[in-house]
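Trainee: What follows is the file upload_27.tsv, containing TSV, C-alpha atoms and all ligand atoms:
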chain	number	residue	atom	x	y	z
X	4	MET	CA	42.95	115.82	14.76
X	5	GLU	CA	44.90	113.73	17.27
X	6	GLN	CA	43.90	110.04	17.28
X	7	LYS	CA	42.62	108.61	20.55
X	8	SER	CA	44.41	105.58	22.03
X	9	VAL	CA	42.35	102.40	21.84
X	10	TYR	CA	41.77	100.17	24.90
X	11	PRO	CA	39.88	96.85	25.09
X	12	PHE	CA	36.47	96.87	26.76
X	13	GLU	CA	34.48	93.80	27.77
X	14	ILE	CA	30.88	93.66	28.97
X	15	ILE	CA	30.18	90.67	31.21
X	16	LYS	CA	27.33	89.13	33.21
X	17	LYS	CA	24.50	91.57	33.95
X	18	GLY	CA	26.30	94.26	31.95
X	19	LEU	CA	24.64	92.87	28.84
X	20	GLU	CA	21.20	93.69	30.28
X	21	HIS	CA	22.19	97.05	31.80
X	22	PRO	CA	23.89	99.34	29.32
X	23	ILE	CA	26.63	101.59	30.72
X	24	GLN	CA	26.51	105.38	30.40
X	25	LEU	CA	30.06	106.45	29.65
X	26	PRO	CA	30.96	110.15	29.96
X	27	ALA	CA	31.16	111.86	26.56
X	28	SER	CA	34.44	113.46	27.64
X	29	LEU	CA	36.47	110.20	27.60
X	30	GLU	CA	39.91	110.90	26.21
X	31	ILE	CA	40.38	107.34	24.92
X	32	GLU	CA	38.47	105.01	22.64
X	33	LEU	CA	37.08	101.83	24.18
X	34	GLN	CA	36.90	98.99	21.69
X	35	ASP	CA	34.76	95.89	22.00
X	36	PHE	CA	37.04	93.17	23.45
X	37	GLU	CA	36.55	90.72	20.56
X	38	THR	CA	37.33	93.37	17.95
X	39	TYR	CA	40.34	94.55	19.93
X	40	CYS	CA	41.69	90.97	20.09
X	41	LEU	CA	41.20	90.54	16.33
X	42	ASN	CA	43.17	93.73	15.72
X	43	HIS	CA	45.96	92.86	18.14
X	44	THR	CA	46.56	89.14	17.50
X	45	SER	CA	50.16	89.65	16.54
X	46	GLU	CA	51.03	91.65	19.66
X	47	LEU	CA	49.38	89.76	22.46
X	48	ASN	CA	48.08	86.46	23.57
X	49	ARG	CA	44.34	86.92	24.13
X	50	SER	CA	44.47	85.82	27.76
X	51	ASP	CA	47.20	88.36	28.54
X	52	ILE	CA	45.20	91.43	27.67
X	53	ASN	CA	44.29	93.79	30.50
X	54	ARG	CA	40.98	95.50	29.86
X	55	PHE	CA	38.12	97.71	31.01
X	56	ILE	CA	35.10	95.77	32.25
X	57	TRP	CA	31.43	96.67	32.79
X	58	ASP	CA	29.52	94.06	34.82
X	59	GLY	CA	26.18	95.83	35.09
X	60	ALA	CA	27.03	97.57	38.36
X	61	ARG	CA	30.73	98.41	38.25
X	62	PHE	CA	33.09	99.81	35.63
X	63	TYR	CA	36.71	98.88	36.33
X	64	TRP	CA	40.16	98.16	34.91
X	65	GLN	CA	41.13	94.50	35.11
X	66	ASP	CA	44.84	93.90	35.55
X	67	LEU	CA	45.10	90.14	35.04
X	68	GLU	CA	48.17	89.89	37.25
X	69	ALA	CA	47.38	92.36	40.05
X	70	GLY	CA	43.57	92.61	40.28
X	71	ASN	CA	40.73	95.06	39.59
X	72	LEU	CA	40.89	98.82	39.91
X	73	GLU	CA	37.85	101.07	40.19
X	74	ILE	CA	37.18	104.62	41.33
X	75	ASP	CA	34.03	105.24	43.34
X	76	PHE	CA	33.70	108.68	44.89
X	77	THR	CA	30.29	107.70	46.27
X	78	SER	CA	31.45	104.59	48.16
X	79	LYS	CA	30.28	103.90	51.72
X	80	LYS	CA	33.92	103.52	52.80
X	81	LEU	CA	34.75	107.04	51.63
X	82	GLN	CA	31.57	108.50	53.15
X	83	TYR	CA	32.39	106.82	56.47
X	84	ARG	CA	35.98	108.11	56.38
X	85	MET	CA	34.73	111.64	55.75
X	86	GLN	CA	32.17	111.45	58.56
X	87	LYS	CA	34.87	110.34	61.02
X	88	LEU	CA	37.47	112.81	59.74
X	89	ASN	CA	38.92	115.23	62.27
X	90	LYS	CA	39.69	118.04	59.86
X	91	ALA	CA	41.89	120.02	62.23
X	92	GLN	CA	44.09	116.96	62.87
X	93	GLU	CA	44.17	115.25	59.45
X	94	PRO	CA	47.82	115.46	58.30
X	95	LEU	CA	46.97	116.19	54.63
X	96	LEU	CA	44.63	119.05	55.63
X	97	ARG	CA	47.19	120.44	58.08
X	98	ALA	CA	49.81	120.35	55.33
X	99	VAL	CA	47.65	122.24	52.81
X	100	GLY	CA	46.71	124.82	55.47
X	101	TRP	CA	42.99	123.97	55.54
X	102	LYS	CA	40.77	126.53	57.27
X	103	SER	CA	37.07	126.05	58.01
X	104	THR	CA	36.39	129.64	56.92
X	105	GLU	CA	38.08	129.52	53.50
X	106	ARG	CA	37.48	127.71	50.23
X	107	GLN	CA	41.02	127.24	49.01
X	108	ARG	CA	41.77	126.39	45.42
X	109	ILE	CA	44.12	123.45	45.04
X	110	TRP	CA	45.80	121.85	42.05
X	111	ASP	CA	46.48	118.15	42.65
X	112	LEU	CA	49.18	117.55	40.03
X	113	THR	CA	49.21	113.75	40.49
X	114	ALA	CA	45.60	112.61	40.85
X	115	GLY	CA	46.06	108.82	40.49
X	116	LEU	CA	42.93	107.25	42.00
X	117	GLY	CA	41.77	110.65	43.22
X	118	ARG	CA	41.73	109.57	46.87
X	119	ASP	CA	43.61	112.57	48.25
X	120	SER	CA	41.68	114.86	45.91
X	121	ALA	CA	38.39	113.41	47.14
X	122	LEU	CA	39.35	114.02	50.76
X	123	LEU	CA	40.26	117.63	49.92
X	124	TYR	CA	37.00	118.11	47.98
X	125	PHE	CA	34.80	116.66	50.72
X	126	ALA	CA	36.65	118.86	53.22
X	127	GLY	CA	35.41	121.85	51.20
X	128	LEU	CA	38.26	122.74	48.83
X	129	GLN	CA	38.02	123.55	45.12
X	130	VAL	CA	40.12	120.83	43.53
X	131	LEU	CA	41.58	120.68	40.04
X	132	MET	CA	43.09	117.23	39.43
X	133	PHE	CA	45.74	116.47	36.81
X	134	GLU	CA	46.33	112.94	35.55
X	135	ARG	CA	48.34	111.92	32.51
X	136	ASN	CA	47.74	108.17	32.38
X	137	PRO	CA	44.86	107.33	29.99
X	138	VAL	CA	43.51	104.38	32.02
X	139	LEU	CA	43.41	106.41	35.24
X	140	GLN	CA	41.93	109.39	33.36
X	141	THR	CA	39.11	107.14	32.18
X	142	LEU	CA	38.40	105.73	35.64
X	143	LEU	CA	38.46	109.25	37.11
X	144	GLN	CA	36.12	110.54	34.41
X	145	TYR	CA	33.70	107.71	35.11
X	146	GLY	CA	33.95	108.26	38.89
X	147	LEU	CA	33.29	111.98	38.48
X	148	ALA	CA	30.30	111.33	36.24
X	149	GLN	CA	28.79	109.15	39.01
X	150	LEU	CA	29.35	112.02	41.42
X	151	SER	CA	27.68	114.36	38.88
X	152	GLN	CA	30.63	116.69	38.85
X	153	PRO	CA	31.50	118.48	35.64
X	154	VAL	CA	34.72	117.34	34.00
X	155	GLY	CA	37.20	119.31	31.96
X	156	GLN	CA	37.93	122.92	31.27
X	157	ALA	CA	34.63	124.62	31.97
X	158	ASP	CA	34.41	128.15	33.36
X	159	ILE	CA	35.45	127.34	36.88
X	160	GLY	CA	36.61	130.85	37.71
X	161	THR	CA	33.20	131.84	38.96
X	162	ALA	CA	32.37	128.72	40.97
X	163	VAL	CA	32.02	129.31	44.71
X	164	ASP	CA	31.08	125.82	45.91
X	165	PRO	CA	33.63	123.08	46.39
X	166	TYR	CA	34.39	121.39	43.13
X	167	LEU	CA	36.33	118.44	41.79
X	168	TYR	CA	37.51	118.70	38.18
X	169	LEU	CA	39.82	116.62	36.07
X	170	MET	CA	42.39	118.00	33.66
X	171	PRO	CA	43.33	114.89	31.66
X	172	GLU	CA	46.83	116.06	30.87
X	173	ASP	CA	50.43	116.26	32.01
X	174	ALA	CA	50.82	118.79	34.83
X	175	ILE	CA	54.37	119.68	33.76
X	176	ALA	CA	53.07	120.81	30.36
X	177	PHE	CA	50.23	122.71	32.05
X	178	LEU	CA	52.57	124.59	34.40
X	179	GLN	CA	55.04	125.21	31.59
X	180	ASN	CA	52.43	126.59	29.19
X	181	ARG	CA	50.43	128.53	31.74
X	182	GLY	CA	52.45	131.67	31.21
X	183	SER	CA	52.41	131.46	27.41
X	184	GLN	CA	50.11	133.67	25.34
X	185	GLU	CA	48.21	130.74	23.85
X	186	MET	CA	47.41	129.31	27.28
X	187	GLN	CA	46.28	132.68	28.59
X	188	ARG	CA	43.70	132.77	25.82
X	189	SER	CA	42.31	129.25	26.22
X	190	ASP	CA	42.56	128.86	30.02
X	191	ILE	CA	41.67	132.35	31.05
X	192	ALA	CA	39.07	130.94	33.45
X	193	ILE	CA	41.57	129.01	35.56
X	194	PRO	CA	42.70	131.27	38.38
X	195	LEU	CA	45.99	130.67	40.19
X	196	ALA	CA	45.69	128.08	42.96
X	197	ASP	CA	46.28	128.81	46.64
X	198	VAL	CA	48.01	125.44	47.06
X	199	ILE	CA	49.69	122.85	44.85
X	200	TYR	CA	49.72	119.22	45.98
X	201	MET	CA	51.77	116.38	44.49
X	202	ASP	CA	52.13	112.70	45.36
X	203	PRO	CA	54.41	111.12	42.77
X	204	MET	CA	54.94	107.34	42.69
X	205	TYR	CA	57.35	106.34	45.43
X	206	PRO	CA	60.54	104.52	44.60
X	207	GLU	CA	59.90	100.74	44.50
X	208	ARG	CA	60.11	99.11	47.94
X	209	LYS	CA	62.13	95.93	48.41
X	210	LYS	CA	59.29	94.21	50.30
X	211	SER	CA	57.15	94.27	47.17
X	212	ALA	CA	54.78	91.55	48.42
X	213	LEU	CA	53.61	94.09	50.99
X	214	VAL	CA	52.73	96.70	48.40
X	215	LYS	CA	48.96	97.21	48.29
X	216	LYS	CA	47.01	95.83	45.35
X	217	GLU	CA	45.99	99.29	44.09
X	218	LEU	CA	49.56	100.52	44.17
X	219	ARG	CA	50.76	97.47	42.23
X	220	ILE	CA	48.17	98.10	39.52
X	221	ILE	CA	49.08	101.79	39.30
X	222	ARG	CA	52.74	100.84	39.12
X	223	ASN	CA	51.95	98.43	36.26
X	224	LEU	CA	50.18	101.29	34.48
X	225	VAL	CA	52.51	104.24	35.05
X	226	GLY	CA	55.83	102.85	36.29
X	227	ALA	CA	57.82	105.28	38.43
X	228	ASP	CA	57.34	109.05	38.12
X	229	LEU	CA	60.95	109.72	37.16
X	230	ASP	CA	60.27	113.38	36.34
X	231	ASN	CA	59.04	114.28	39.83
X	232	GLU	CA	61.99	116.65	40.38
X	233	LEU	CA	61.00	118.66	37.33
X	234	LEU	CA	57.37	118.65	38.46
X	235	LEU	CA	58.34	120.08	41.87
X	236	LYS	CA	60.57	122.74	40.30
X	237	LYS	CA	57.76	123.82	37.95
X	238	ALA	CA	55.35	123.90	40.90
X	239	LEU	CA	57.72	126.07	42.95
X	240	ALA	CA	58.17	128.45	40.02
X	241	SER	CA	54.41	128.70	39.34
X	242	GLY	CA	53.67	131.58	41.70
X	243	VAL	CA	51.45	129.38	43.88
X	244	PRO	CA	52.36	130.35	47.47
X	245	ARG	CA	52.18	126.86	49.03
X	246	VAL	CA	53.39	123.57	47.56
X	247	VAL	CA	52.89	120.27	49.40
X	248	VAL	CA	54.70	117.03	48.49
X	249	LYS	CA	53.68	113.64	49.89
X	250	ARG	CA	56.59	111.30	50.65
X	251	PRO	CA	57.07	108.01	52.48
X	252	LYS	CA	58.35	108.49	56.00
X	253	GLY	CA	62.14	108.68	55.99
X	254	ALA	CA	62.44	109.33	52.22
X	255	GLU	CA	64.78	111.94	50.72
X	256	PHE	CA	63.32	115.35	49.86
X	257	VAL	CA	62.31	115.49	46.18
X	258	ALA	CA	65.11	117.14	44.16
X	259	ASP	CA	67.01	117.48	47.45
X	260	LEU	CA	65.01	120.65	48.14
X	261	LYS	CA	64.54	121.34	51.83
X	262	PRO	CA	60.94	122.26	52.71
X	263	SER	CA	59.87	125.09	55.04
X	264	HIS	CA	58.46	122.43	57.36
X	265	SER	CA	56.98	118.92	57.26
X	266	VAL	CA	53.81	117.38	58.67
X	267	GLU	CA	54.40	113.83	59.86
X	268	SER	CA	52.01	110.89	60.07
X	269	PRO	CA	52.82	107.25	60.93
X	270	ASN	CA	53.86	106.16	57.39
X	271	THR	CA	53.86	109.40	55.46
X	272	ARG	CA	55.49	112.80	55.49
X	273	PHE	CA	54.07	115.94	53.86
X	274	ASP	CA	56.80	118.42	52.89
X	275	VAL	CA	55.47	121.98	52.78
X	276	TYR	CA	57.22	124.65	50.67
X	277	LEU	CA	56.13	128.22	51.38
X	278	GLN	CA	56.71	131.01	48.87
X	279	HIS	CA	60.48	130.59	48.57
X	280	PRO	CA	62.11	131.11	45.21
X	281	VAL	CA	63.65	127.83	43.99
X	282	GLU	CA	67.31	128.98	44.26
X	283	THR	CA	67.20	129.52	48.02
X	284	LEU	CA	65.84	126.06	48.74
X	285	SER	CA	68.92	124.02	47.76
X	286	ARG	CA	70.67	122.42	50.69
D	1	LIG	C1	51.05	107.77	43.59
D	1	LIG	S1	49.86	108.17	42.35
D	1	LIG	C2	48.88	109.39	43.17
D	1	LIG	C3	47.87	108.82	44.12
D	1	LIG	C4	46.88	109.86	44.58
D	1	LIG	N1	47.46	110.83	45.48
D	1	LIG	C5	45.63	109.24	45.21
D	1	LIG	O1	45.26	109.68	46.32
D	1	LIG	O2	45.03	108.35	44.61
D	1	LIG	C6	50.75	109.19	41.21
D	1	LIG	C7	49.94	109.56	39.97
D	1	LIG	O3	50.42	110.77	39.43
D	1	LIG	C8	50.39	110.72	38.04
D	1	LIG	N2	51.38	111.71	37.56
D	1	LIG	C9	52.70	111.74	37.84
D	1	LIG	N3	53.30	112.80	37.27
D	1	LIG	C10	52.31	113.46	36.60
D	1	LIG	C11	52.30	114.64	35.80
D	1	LIG	N4	53.41	115.32	35.54
D	1	LIG	N5	51.12	115.03	35.27
D	1	LIG	C12	49.97	114.32	35.50
D	1	LIG	N6	49.93	113.19	36.23
D	1	LIG	C13	51.09	112.77	36.78
D	1	LIG	C14	50.75	109.29	37.70
D	1	LIG	O4	50.28	108.93	36.40
D	1	LIG	C15	50.03	108.53	38.83
D	1	LIG	O5	48.74	108.16	38.44
What does this structure look like when you write it as structure tokens?
Mentor:
Amino acid sequence: MEQKSVYPFEIIKKGLEHPIQLPASLEIELQDFETYCLNHTSELNRSDINRFIWDGARFYWQDLEAGNLEIDFTSKKLQYRMQKLNKAQEPLLRAVGWKSTERQRIWDLTAGLGRDSALLYFAGLQVLMFERNPVLQTLLQYGLAQLSQPVGQADIGTAVDPYLYLMPEDAIAFLQNRGSQEMQRSDIAIPLADVIYMDPMYPERKKSALVKKELRIIRNLVGADLDNELLLKKALASGVPRVVVKRPKGAEFVADLKPSHSVESPNTRFDVYLQHPVETLSR
């Protein structure tokens, strides 16, 4: 059996009195901080070690240089944003072709903190998130458990309500294997999506001091998504009729592939690819 990666985990303050309920589905092993330090003395200086923390109320990743990162799908901020959302005008929803009368299925190939996925879910879509980074997978799994959403590869083919699931794996491998016999046996319950969405890490900006704290932490964890061209090509070859790519305003098209159209917002552009075979998209 494949060994789980081990990450340090510290319980502080009121966390000692209030035990944490971690989802059974965690893909990584959390090791008591003291034990982890004992096992990693040769690699790291104790004060340099980033770690998961439980403080009795919040479970988060502590990046000692950039700050704390947590995923809370139940936060007041998110609820407020969803209450105020004008669904017909929201650029992401326009890009994915949201309709009040349909429950589209969407694969978010680059879940990250799950913010875009959460917006899509609360707007009524059935969302399957993919994330390959173990720290982000863990935060997403915890966030989903708080939301009481099932995680993993359950029988989602029959679900009719909106849902938000996590596939803790690389989306390129998923798209690649989807057609293979083995995959057809094990993932028979995953129907083809109506829309694919991807938001790979942007190229590093020069004005790095202006980069938001969350983005800095994610960058420290995952670096740049250098295989985003391959991801887009696999998405376009997947048979899913609509593929949406989030880009910074003014950025090049991913893989130099011209979209059918784009939806613009002040800082962001959503490139929408409709049903074209890959060959005809090259500029
Ligand atoms: C810019 S972040 C996405 C932010 C996200 N849209 C949100 O709203 O929070 C990009 C994320 O995609 C993940 N990612 C990139 N390529 C991936 C792939 N092939 N499979 C799974 N995850 C991927 C990275 O690990 C990173 O966490």
Trainee: Per residue of chain X within 9 Å of ligand LIG 1 (chain D), record the nearest atom pair and its distance in Å to one decimal, counting all atoms listed in the file, with rows in chain order and ascending residue number, as a Markdown table.
Mentor:
| residue | atom | partner | partner_atom | distance |
| --- | --- | --- | --- | --- |
| X:Asp111 | CA | D:LIG1 | N1 | 7.9 |
| X:Leu112 | CA | D:LIG1 | C12 | 5.6 |
| X:Thr113 | CA | D:LIG1 | O3 | 3.4 |
| X:Ala114 | CA | D:LIG1 | C4 | 4.8 |
| X:Gly115 | CA | D:LIG1 | O5 | 3.4 |
| X:Leu116 | CA | D:LIG1 | O2 | 3.5 |
| X:Gly117 | CA | D:LIG1 | O2 | 4.2 |
| X:Arg118 | CA | D:LIG1 | O1 | 3.6 |
| X:Asp119 | CA | D:LIG1 | O1 | 3.8 |
| X:Ser120 | CA | D:LIG1 | O1 | 6.3 |
| X:Ala121 | CA | D:LIG1 | O1 | 7.9 |
| X:Leu122 | CA | D:LIG1 | O1 | 8.6 |
| X:Met132 | CA | D:LIG1 | C12 | 8.4 |
| X:Phe133 | CA | D:LIG1 | C12 | 4.9 |
| X:Glu134 | CA | D:LIG1 | N6 | 3.7 |
| X:Arg135 | CA | D:LIG1 | C12 | 4.2 |
| X:Asn136 | CA | D:LIG1 | O4 | 4.8 |
| X:Pro137 | CA | D:LIG1 | O4 | 8.5 |
| X:Leu139 | CA | D:LIG1 | O5 | 6.5 |
| X:Gln140 | CA | D:LIG1 | O5 | 8.6 |
| X:Met170 | CA | D:LIG1 | C12 | 8.6 |
| X:Pro171 | CA | D:LIG1 | C12 | 7.7 |
| X:Glu172 | CA | D:LIG1 | C12 | 5.9 |
| X:Asp173 | CA | D:LIG1 | N5 | 3.6 |
| X:Ala174 | CA | D:LIG1 | N5 | 3.8 |
| X:Ile175 | CA | D:LIG1 | N4 | 4.8 |
| X:Ala176 | CA | D:LIG1 | N4 | 7.6 |
| X:Phe177 | CA | D:LIG1 | N5 | 8.4 |
| X:Tyr200 | CA | D:LIG1 | N1 | 8.7 |
| X:Met201 | CA | D:LIG1 | N1 | 7.1 |
| X:Asp202 | CA | D:LIG1 | N1 | 5.0 |
| X:Pro203 | CA | D:LIG1 | C6 | 4.4 |
| X:Met204 | CA | D:LIG1 | C1 | 4.0 |
| X:Tyr205 | CA | D:LIG1 | C1 | 6.7 |
| X:Leu218 | CA | D:LIG1 | C1 | 7.4 |
| X:Ile221 | CA | D:LIG1 | O5 | 6.4 |
| X:Arg222 | CA | D:LIG1 | C15 | 8.2 |
| X:Leu224 | CA | D:LIG1 | O4 | 7.9 |
| X:Val225 | CA | D:LIG1 | O4 | 5.4 |
| X:Gly226 | CA | D:LIG1 | O4 | 8.2 |
| X:Ala227 | CA | D:LIG1 | C14 | 8.2 |
| X:Asp228 | CA | D:LIG1 | C9 | 5.4 |
| X:Leu229 | CA | D:LIG1 | N3 | 8.2 |
| X:Asp230 | CA | D:LIG1 | N3 | 7.1 |
| X:Asn231 | CA | D:LIG1 | N3 | 6.5 |
| X:Leu233 | CA | D:LIG1 | N4 | 8.5 |
| X:Leu234 | CA | D:LIG1 | N4 | 5.9 |
| X:Lys249 | CA | D:LIG1 | N1 | 8.1 |
Trainee: Quick one: distance from CA of Ala60 (chain X) to CA of Glu32 (chain X) in Å, one decimal?
Mentor: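 About the pair CA of Ala60 (chain X) and CA of Glu32 (chain X): they are 20.8 Å apart.
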Trainee: Nearest residue to Val198 (chain X) out of X:Asp51, X:Val9, X:Val246, X:Ser28, using only C-alpha atoms?
Mentor: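 Nearest candidate to Val198 (chain X) out of X:Asp51, X:Val9, X:Val246, X:Ser28: X:Val246.
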Trainee: Using only C-alpha atoms for the distances, tell me which of X:Leu167, X:Ala91, X:Leu131, X:Ala98 is nearest to Ala196 (chain X).
Mentor: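 For Ala196 (chain X), the nearest of the given residues is X:Leu131.
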Trainee: Let me make sure I understand: among X:Gln149, X:Ser241, X:Asn180, X:Gln92, which one has the smallest atom-to-atom distance to Ser268 (chain X) if we use only C-alpha atoms?
Mentor: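 Closest candidate: X:Gln92.
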Trainee: Restricting the calculation to all atoms listed in the file: of X:Glu232, X:Asp66, X:Glu255, X:Asp164, which residue gets closest to Phe273 (chain X)?
Mentor: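 Smallest separation from Phe273 (chain X) among the options: X:Glu255.
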